[in-house]
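Below is one structure, written out as C-alpha cells; the observations come after it.
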Amino acid sequence: MSASLFFLFFLLVGTSLFFVPTHQKPTISLNTTTLSKSGNAVLIQWSEISDPSHLDWLGIYSPPSSAHDDFVGYLFLSSSPGWQSGSGRLSIPLTNLRSNYSFRIFRWTDSEINPKKRDHDRNPLPGTKHLLAESPELGFGPGRGPEQIHLAYTDRDDEMRVMFVTADGGERRVRYGVRRKALGQVAVARVGRYEREDMCDAPANESVG
Ligand SMILES: *[C@@H]1O[C@H](CO)[C@@H](O)[C@H](O)[C@H]1NC(C)=O
Ligand SMILES: *[C@@H]1O[C@H](CO)[C@@H](O)[C@H](O)[C@H]1NC(C)=O
Ligand SMILES: *[C@@H]1O[C@H](CO)[C@@H](O)[C@H](O)[C@H]1NC(C)=O
C-alpha cells in the first residue's frame, strides 16, 4: 500500500517536471488584419522561438488555405536585427490578390538543405517539415478602385489597351484625353474572367494555392 502510494507520488513529480514549459510556443502577430490598399505594408512580429536557426523562415501565403509548399514568397527571420534572441519583426508590402493572406514560420537547418530542390534563381527551396507558428489572416478593406492597371500598345497604331482587375464584373468606364485636365473621352470596359485553368503552370492551374 505505502509502496504504491510512493510510486504514484514519484510519477506525478516526474511528469510535472517533464511538462513544465521551459519555452513558450512561438507566436506571430500582425499590427493590423486589414490593409486599406494594395501595396501597403504589414508589420509582422514573432517571439519565443527557442534556439533559432539562421535559416528559420517566414512564408507568405495567399489564400491562407494554401499548402505549406505553395508560399507566394518567403523571408529569412535572420534578416531581422536581433533574430538570435528568438524574436524579431519584418515589414512587408503586400499586393491585393483579392484573397486573404497568412504567414507561417518554419524551422529549417543547414543539414536539411536539399541541393536538388531549387527555385528559378538556383536557391535551395526552404523546407516545410517543421511548422513553428501561423499568423491570423490578413485581408484588404472593401471599396477600393481597380487594381493592377496596365497600359499597352496594341497592333493598331491608333489604339491603346488599358487592363485592370476589379472584385466584381460590374460596368467600369475609362476616361481618356490628350491632356490630364481634359479627359473628355470615355470607353466602357469589356469584362472578362479568368479561371484556374487559364493559369500557365502548376500549382496555379491545379490548386487554389
Ligand atoms: C503597420 O506597420 C506598417 C509597416 O511598418 C506601417 O506602414 C503601418 O502604418 C502599420 N499599421 C498600423 C495600423 O499601425
Ligand atoms: C480575411 O481576413 C479578415 C481579417 O482577419 C477576416 O475578417 C475575414 O473574415 C477574412 N476573410 C475570409 C474570407 O476568411
Ligand atoms: C497545368 O499546366 C501544366 C503546364 O502547362 C500542364 O502540364 C498541366 O496539365 C496543367 N494542369 C491542369 C490541371 O490543367
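In the C-alpha cells, each chain is lettered A, B, ... as it comes, each chain's residues begin at 1, and ligands are numbered from 1 in order of appearance.
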
Quiz item: Mind listing the residues within 6 Å of ligand 1, only C-alpha atoms and all ligand atoms counted, as a PyMOL selection string?
Solution: chain A and resi 31-32+41-43+91

Can you build me a table of chain A residues sitting at most 7 Å from ligand 2, with the closest atom pair per residue and its distance in Å to one decimal, using only C-alpha atoms and all ligand atoms, sorted by chain and residue number, as a tab-separated table?
residue	atom	partner	partner_atom_place_in_ligand_line	distance
A:Thr33	CA	ligand 2	4 (C)	4.6
A:Thr34	CA	ligand 2	4 (C)	5.6
A:Asn100	CA	ligand 2	1 (C)	4.9
A:Pro136	CA	ligand 2	5 (O)	6.2
A:Glu137	CA	ligand 2	5 (O)	4.3
A:Leu138	CA	ligand 2	2 (O)	4.5
A:Gly139	CA	ligand 2	2 (O)	4.1

Quick one: contact table of chain A to ligand 3, 6 Å max, nearest atom pair and distance in Å to one decimal per residue, counting only C-alpha atoms and all ligand atoms, chain and number order, as JSON lines?
{"residue": "A:Glu197", "atom": "CA", "partner": "ligand 3", "partner_atom_place_in_ligand_line": "14 (O)", "distance": 5.6}
{"residue": "A:Cys200", "atom": "CA", "partner": "ligand 3", "partner_atom_place_in_ligand_line": "5 (O)", "distance": 5.3}
{"residue": "A:Asp201", "atom": "CA", "partner": "ligand 3", "partner_atom_place_in_ligand_line": "2 (O)", "distance": 3.6}
{"residue": "A:Ala202", "atom": "CA", "partner": "ligand 3", "partner_atom_place_in_ligand_line": "1 (C)", "distance": 4.7}
{"residue": "A:Asn205", "atom": "CA", "partner": "ligand 3", "partner_atom_place_in_ligand_line": "1 (C)", "distance": 5.0}
{"residue": "A:Glu206", "atom": "CA", "partner": "ligand 3", "partner_atom_place_in_ligand_line": "13 (C)", "distance": 4.8}

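Non-sequential neighbours of segment 186-194 of chain A (distance at most 7 Å, separation of 4 or more positions within a chain, only C-alpha atoms) are A:Gly169, A:Glu171, A:Arg172, A:Arg173, A:Val174, A:Arg175, A:Tyr176, A:Asp198.
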
Quiz item: How would you write, as a PyMOL selection string, the set of residues in segment 106-181 of chain A that DSSP gives as strand (DSSP E)?
Solution: chain A and resi 106-107+130-134+139-140+147-153+160-165+173-176

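Atom CA of Leu58 of chain A is positioned 6.5 Å from atom CA of Leu77 of chain A.
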
Quiz item: Counting only C-alpha atoms, which of A:Trp57, A:Phe140, A:Trp83, A:Phe71 gets nearest to Trp108 of chain A?
Solution: A:Trp57

At most 12 Å is the cut-off: for each residue in segment 46-130 of chain A with any atom that close to an atom of segment 141-155 of chain A, write down the nearest atom pair and the distance in Å rounded to one decimal, counting only C-alpha atoms, chain first then increasing number, as a Markdown table.
| residue | atom | partner | partner_atom | distance |
| --- | --- | --- | --- | --- |
| A:Thr95 | CA | A:Gln148 | CA | 8.9 |
| A:Asn96 | CA | A:Glu147 | CA | 7.7 |
| A:Leu97 | CA | A:Glu147 | CA | 9.1 |
| A:Arg98 | CA | A:Glu147 | CA | 9.5 |
| A:Ser99 | CA | A:Gly141 | CA | 11.2 |
| A:Asn100 | CA | A:Gly141 | CA | 10.6 |

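Using only C-alpha atoms, the smallest distance between any of A:Val72, A:Trp46, A:Pro64, A:Gly39 and Ile92 of chain A comes from A:Gly39.
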
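Nearest to Ser87 of chain A of all the residues A:Ser53, A:Thr166, A:Ser207, A:Ser38 is A:Ser53, based on only C-alpha atoms.
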
Self-check item: Residue with smallest distance to Ile113 of chain A - pool A:Glu134, A:Leu183, A:Tyr101, A:Gly127, counting only C-alpha atoms
Solution: A:Gly127

Quiz item: Got a sec: who's within 12 Å of Phe76 of chain A, counting only C-alpha atoms, leaving out chain neighbours fewer than 5 positions off, as number ranges by chain?
Solution: A: 52-60, 81, 83, 88-90, 104-109, 126-127
